[in-house]
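Here's the structure we're looking at; comments come further down.
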Amino acid sequence: MNHRPQRLLHCHPRTVDLVVAAALFVCSFPGSVLTFPGRDLEVPWWPGVLVAGVASLALLWRRTLPRTTVVVALGCAMAVAALGYILTVLVIGPLMVALYTLARGSDRTTANLFTASGIALLLGTALVVGPDTEPLVLKLVGPVFWLLLPTSLGTTTRLRAAYLEAVRARADHAERTREQEARHRVTEERMRIARDLHDVVAHHLVLANLQAGTVVRLMRSRPEEAERIAGELAGTTLSAVRELKATVGLLRHADDSEDPSGPAPGLAQLAELAASFEPAGLSVTVNTVGRARPLSAGADLTAYRIVQEALTNVTKHAGTGSAEVRLSYAPDRLSITVTDHGGTAVSSPASGSGYGVIGMRERALSAGGRLRAGHRPEGGFEVVTELPLLSPDRTPTQNALA
């Protein structure tokens, strides 16, 4: 559809008003000489043309002064009715245009009030002052119809424009909402990948560092033990490379040919995780209270990563050779407690400080749980996490929506 004429009309409103006023003034010439069949013109034609010219001239201010324009055009229409001209669209056209403009640019109450007042005044003038030879039906029906028509059209145009504006506003809002949601999802994904990278790198590098230091210390005095630990160091670095590859693989495009490497870790690999800390000199005890219940895939990975990060912090900060992981199953929640018995003089991560604790807390919140970390009164450090369990009579999707 070609919108160029509409744009031209919108960009040159003054020209449009001049053309409309000139056209209505020209129409007043034949309108001022109309008579009923078989009757002669009882009044000269030029007074009607003159009055209609004044009303047409007032239309030049219909956009800036719509109410004043209606009043002037109504006064001219009443003068035409009083002079005895037939009230046709040719002579009251300026009043119709003025009412249309008012209805399009103002509220319905204002438009209806001006229209009703105009009809009452115009009919009153035609009945009281107008000629008695004109049929009463034409005096009543004609002006009412011609004045109600522009008001209805103007109101309809205004409502349609308001509706289209509301539709555009909703579309703009929906577009902005989609963009914000997309940015929010990208930010969440970046934070999740950053947490995974932090957990993987911190865990494996800490273990590799401790194993490498042990190899250096035992190389001369106990070469067989140093060789065994060196072999475990190779396994640690290989595991780090494998998990880093799986994590970074999430950043690949969907059309990349490489598949992700293996399933995500969970509590089923908790024994292997605990054993991986033994070369670093940390003995991890895992205790389970209650009947084991399944978690969702996301909560299972979250539980594994939190335990991994907590034990890594024990290895780095606690200065102790033992830690305990306690899994307590309740009907709807799993409580995970990671405790070390390090001395109070040994530096431990403060509650809520460091990216490790922040990452653990973010993981717990993202899985619908909560996390608390802090020093124990009797010494050492403790991380307590609560995660929701899957209900036995509900699917994972239903549980996530609950």
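Every chain in the structure tokens takes a letter, A first, then B, and so on in the order presented; its residues are numbered from 1, and the ligands are numbered from 1 following the presented order.
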Handout entry: DSSP helix (DSSP H, G or I) selection over segment 274-343 of chain A, as an MDAnalysis selection string
Key = chainID A and resid 274:276 278:280 297:318
Completion exercise
Atom pair atom CA of Ser56 of chain A + atom CA of Val144 of chain A, distance 20.4 Å
Practice task
Name all residues at most 10 Å from segment 105-118 of chain A (count only C-alpha atoms; drop same-chain ones fewer than 2 positions away) and give them as a ChimeraX atom specification.
Solution key: /A:63,66-67,70-71,73-75,77-78,95-96,99-103,120-124,143-144,147-148,150-152,154-155,157-159
Export N, CA and C atoms of the chosen residues as a CSV table (one decimal), in the first residue's frame?
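result_1.csv, written as the output of this step:
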chain,number,residue,atom,x,y,z
A,63,ARG,N,-7.3,23.3,13.5
A,63,ARG,CA,-6.4,22.4,14.2
A,63,ARG,C,-5.9,23.0,15.5
A,66,PRO,N,-10.0,24.4,17.8
A,66,PRO,CA,-11.1,23.6,17.2
A,66,PRO,C,-12.5,24.1,17.8
A,67,ARG,N,-12.5,24.4,19.1
A,67,ARG,CA,-13.8,24.8,19.7
A,67,ARG,C,-14.2,26.2,19.2
A,70,VAL,N,-15.6,25.7,15.7
A,70,VAL,CA,-17.0,25.2,15.8
A,70,VAL,C,-18.0,26.3,16.1
A,71,VAL,N,-17.7,27.1,17.0
A,71,VAL,CA,-18.6,28.2,17.4
A,71,VAL,C,-18.8,29.2,16.3
A,73,ALA,N,-18.3,28.6,13.0
A,73,ALA,CA,-19.1,27.9,11.9
A,73,ALA,C,-20.5,27.7,12.3
A,74,LEU,N,-20.8,27.4,13.6
A,74,LEU,CA,-22.2,27.3,14.0
A,74,LEU,C,-23.0,28.6,13.9
A,75,GLY,N,-22.3,29.7,14.2
A,75,GLY,CA,-23.0,31.0,14.1
A,75,GLY,C,-23.3,31.3,12.6
A,77,ALA,N,-23.8,29.0,10.3
A,77,ALA,CA,-24.9,28.1,9.9
A,77,ALA,C,-26.2,28.6,10.4
A,78,MET,N,-26.3,29.2,11.6
A,78,MET,CA,-27.5,29.7,12.1
A,78,MET,C,-28.0,31.0,11.3
A,95,LEU,N,-19.3,23.8,9.0
A,95,LEU,CA,-19.7,23.3,10.4
A,95,LEU,C,-19.4,21.8,10.5
A,96,MET,N,-19.7,21.0,9.4
A,96,MET,CA,-19.5,19.6,9.5
A,96,MET,C,-18.0,19.3,9.6
A,99,LEU,N,-16.9,20.2,13.2
A,99,LEU,CA,-17.3,19.1,14.2
A,99,LEU,C,-16.4,17.9,14.0
A,100,TYR,N,-16.1,17.5,12.8
A,100,TYR,CA,-15.2,16.3,12.6
A,100,TYR,C,-13.9,16.5,13.3
A,101,THR,N,-13.3,17.7,13.1
A,101,THR,CA,-12.0,18.0,13.6
A,101,THR,C,-12.0,18.0,15.2
A,102,LEU,N,-13.1,18.6,15.7
A,102,LEU,CA,-13.2,18.6,17.2
A,102,LEU,C,-13.4,17.2,17.7
A,103,ALA,N,-14.2,16.3,17.1
A,103,ALA,CA,-14.4,14.9,17.5
A,103,ALA,C,-13.2,14.1,17.4
A,120,ALA,N,-29.3,21.7,18.5
A,120,ALA,CA,-30.4,22.4,19.2
A,120,ALA,C,-30.5,23.8,18.7
A,121,LEU,N,-29.4,24.5,18.6
A,121,LEU,CA,-29.4,25.9,18.2
A,121,LEU,C,-29.8,26.0,16.7
A,122,LEU,N,-29.3,25.1,15.9
A,122,LEU,CA,-29.6,25.2,14.5
A,122,LEU,C,-31.0,24.9,14.2
A,123,LEU,N,-31.6,23.9,14.8
A,123,LEU,CA,-33.0,23.6,14.7
A,123,LEU,C,-33.9,24.7,15.2
A,124,GLY,N,-33.5,25.2,16.4
A,124,GLY,CA,-34.3,26.3,17.0
A,124,GLY,C,-34.3,27.5,16.0
A,143,PRO,N,-30.6,18.7,9.1
A,143,PRO,CA,-29.5,19.2,9.9
A,143,PRO,C,-29.0,18.1,11.0
A,144,VAL,N,-30.0,17.4,11.5
A,144,VAL,CA,-29.6,16.4,12.5
A,144,VAL,C,-28.7,15.3,11.9
A,147,LEU,N,-25.1,16.8,10.9
A,147,LEU,CA,-24.2,17.2,12.0
A,147,LEU,C,-23.8,15.9,12.8
A,148,LEU,N,-24.7,14.9,12.9
A,148,LEU,CA,-24.3,13.7,13.6
A,148,LEU,C,-23.2,12.9,12.8
A,150,PRO,N,-20.5,13.8,10.8
A,150,PRO,CA,-19.0,14.1,11.0
A,150,PRO,C,-18.6,13.8,12.5
A,151,THR,N,-19.5,14.0,13.4
A,151,THR,CA,-19.1,13.7,14.8
A,151,THR,C,-18.8,12.2,15.0
A,152,SER,N,-19.7,11.4,14.4
A,152,SER,CA,-19.5,9.9,14.4
A,152,SER,C,-18.2,9.5,13.7
A,154,GLY,N,-15.5,11.4,13.1
A,154,GLY,CA,-14.3,11.9,13.9
A,154,GLY,C,-14.1,11.1,15.1
A,155,THR,N,-15.1,10.7,15.8
A,155,THR,CA,-14.9,9.8,17.0
A,155,THR,C,-14.4,8.5,16.6
A,157,THR,N,-12.6,7.7,13.9
A,157,THR,CA,-11.2,7.9,13.5
A,157,THR,C,-10.3,8.1,14.7
A,158,ARG,N,-10.7,8.8,15.7
A,158,ARG,CA,-9.9,9.0,17.0
A,158,ARG,C,-9.7,7.7,17.7
A,159,LEU,N,-10.8,6.9,17.8
A,159,LEU,CA,-10.7,5.6,18.5
A,159,LEU,C,-9.8,4.6,17.7
Problem - Å distance separating atom CA of Gly290 of chain A from atom CA of Leu311 of chain A, one decimal place - result: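 Between these atoms lies a distance of 22.6 Å.
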Handout entry: Residues within 9 Å of segment 362-367 of chain A, only C-alpha atoms, excluding chain neighbours under 6 positions, as a list in words
Key = Arg192, Arg195, Ser296, Gly298, Ala299, Thr302, Ala303, Arg305, Ile306, Thr385, Glu386, Leu387 and Pro388 of chain A
Practice task
For segment 319-335 of chain A, list every protein, DNA or RNA residue within 8 Å, evaluated using only C-alpha atoms, and leave out those in the same chain fewer than 4 positions away; present the list as JSON, numbers by chain.
Solution key: {"A": [281, 282, 283, 284, 285, 286, 287, 288, 289, 290, 291, 292, 293, 307, 311, 314, 315, 339, 340, 341, 342, 343, 346, 384, 385, 386, 387, 388, 389, 390, 391]}
Practice task
Step one, run DSSP on the backbone; step two, keep only residues of segment 276-307 of chain A assigned to strand (DSSP E); then write them as a PyMOL selection string.
Solution key: chain A and resi 283-289
Problem - Residue with smallest distance to Val16 of chain A - pool A:Leu59, A:Ala268, A:Val49, A:Ala373, counting only C-alpha atoms - result: A:Leu59
Handout entry: Test item: residues at most 7 Å from segment 17-25 of chain A, only C-alpha atoms, excluding those fewer than 5 positions along its chain, as an MDAnalysis selection string
Key = chainID A and resid 52:53 56:57 59:60 93:94
Would you save the residues of that selection, restricted to N, CA and C atoms, as a PDB file, in the first residue's frame?
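selection.pdb was written with the following content:
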ATOM      1  N   ALA A  52     -21.069  31.768   4.204  1.00  0.00           N
ATOM      2  CA  ALA A  52     -20.331  30.516   4.049  1.00  0.00           C
ATOM      3  C   ALA A  52     -18.837  30.780   3.876  1.00  0.00           C
ATOM      4  N   GLY A  53     -18.480  31.898   3.244  1.00  0.00           N
ATOM      5  CA  GLY A  53     -17.065  32.242   3.101  1.00  0.00           C
ATOM      6  C   GLY A  53     -16.416  32.520   4.444  1.00  0.00           C
ATOM      7  N   SER A  56     -15.900  29.186   6.070  1.00  0.00           N
ATOM      8  CA  SER A  56     -14.782  28.469   5.428  1.00  0.00           C
ATOM      9  C   SER A  56     -13.440  29.052   5.846  1.00  0.00           C
ATOM     10  N   LEU A  57     -13.376  30.369   5.971  1.00  0.00           N
ATOM     11  CA  LEU A  57     -12.134  31.011   6.402  1.00  0.00           C
ATOM     12  C   LEU A  57     -11.757  30.596   7.832  1.00  0.00           C
ATOM     13  N   LEU A  59     -12.033  27.806   9.084  1.00  0.00           N
ATOM     14  CA  LEU A  59     -11.441  26.456   9.107  1.00  0.00           C
ATOM     15  C   LEU A  59      -9.922  26.476   9.082  1.00  0.00           C
ATOM     16  N   LEU A  60      -9.313  27.596   8.729  1.00  0.00           N
ATOM     17  CA  LEU A  60      -7.860  27.678   8.736  1.00  0.00           C
ATOM     18  C   LEU A  60      -7.291  27.529  10.147  1.00  0.00           C
ATOM     19  N   GLY A  93     -21.386  22.824   5.197  1.00  0.00           N
ATOM     20  CA  GLY A  93     -20.171  22.008   5.124  1.00  0.00           C
ATOM     21  C   GLY A  93     -19.081  22.460   6.075  1.00  0.00           C
ATOM     22  N   PRO A  94     -18.788  23.774   6.223  1.00  0.00           N
ATOM     23  CA  PRO A  94     -17.756  24.193   7.183  1.00  0.00           C
ATOM     24  C   PRO A  94     -18.043  23.733   8.613  1.00  0.00           C
TER      25      PRO A  94
END
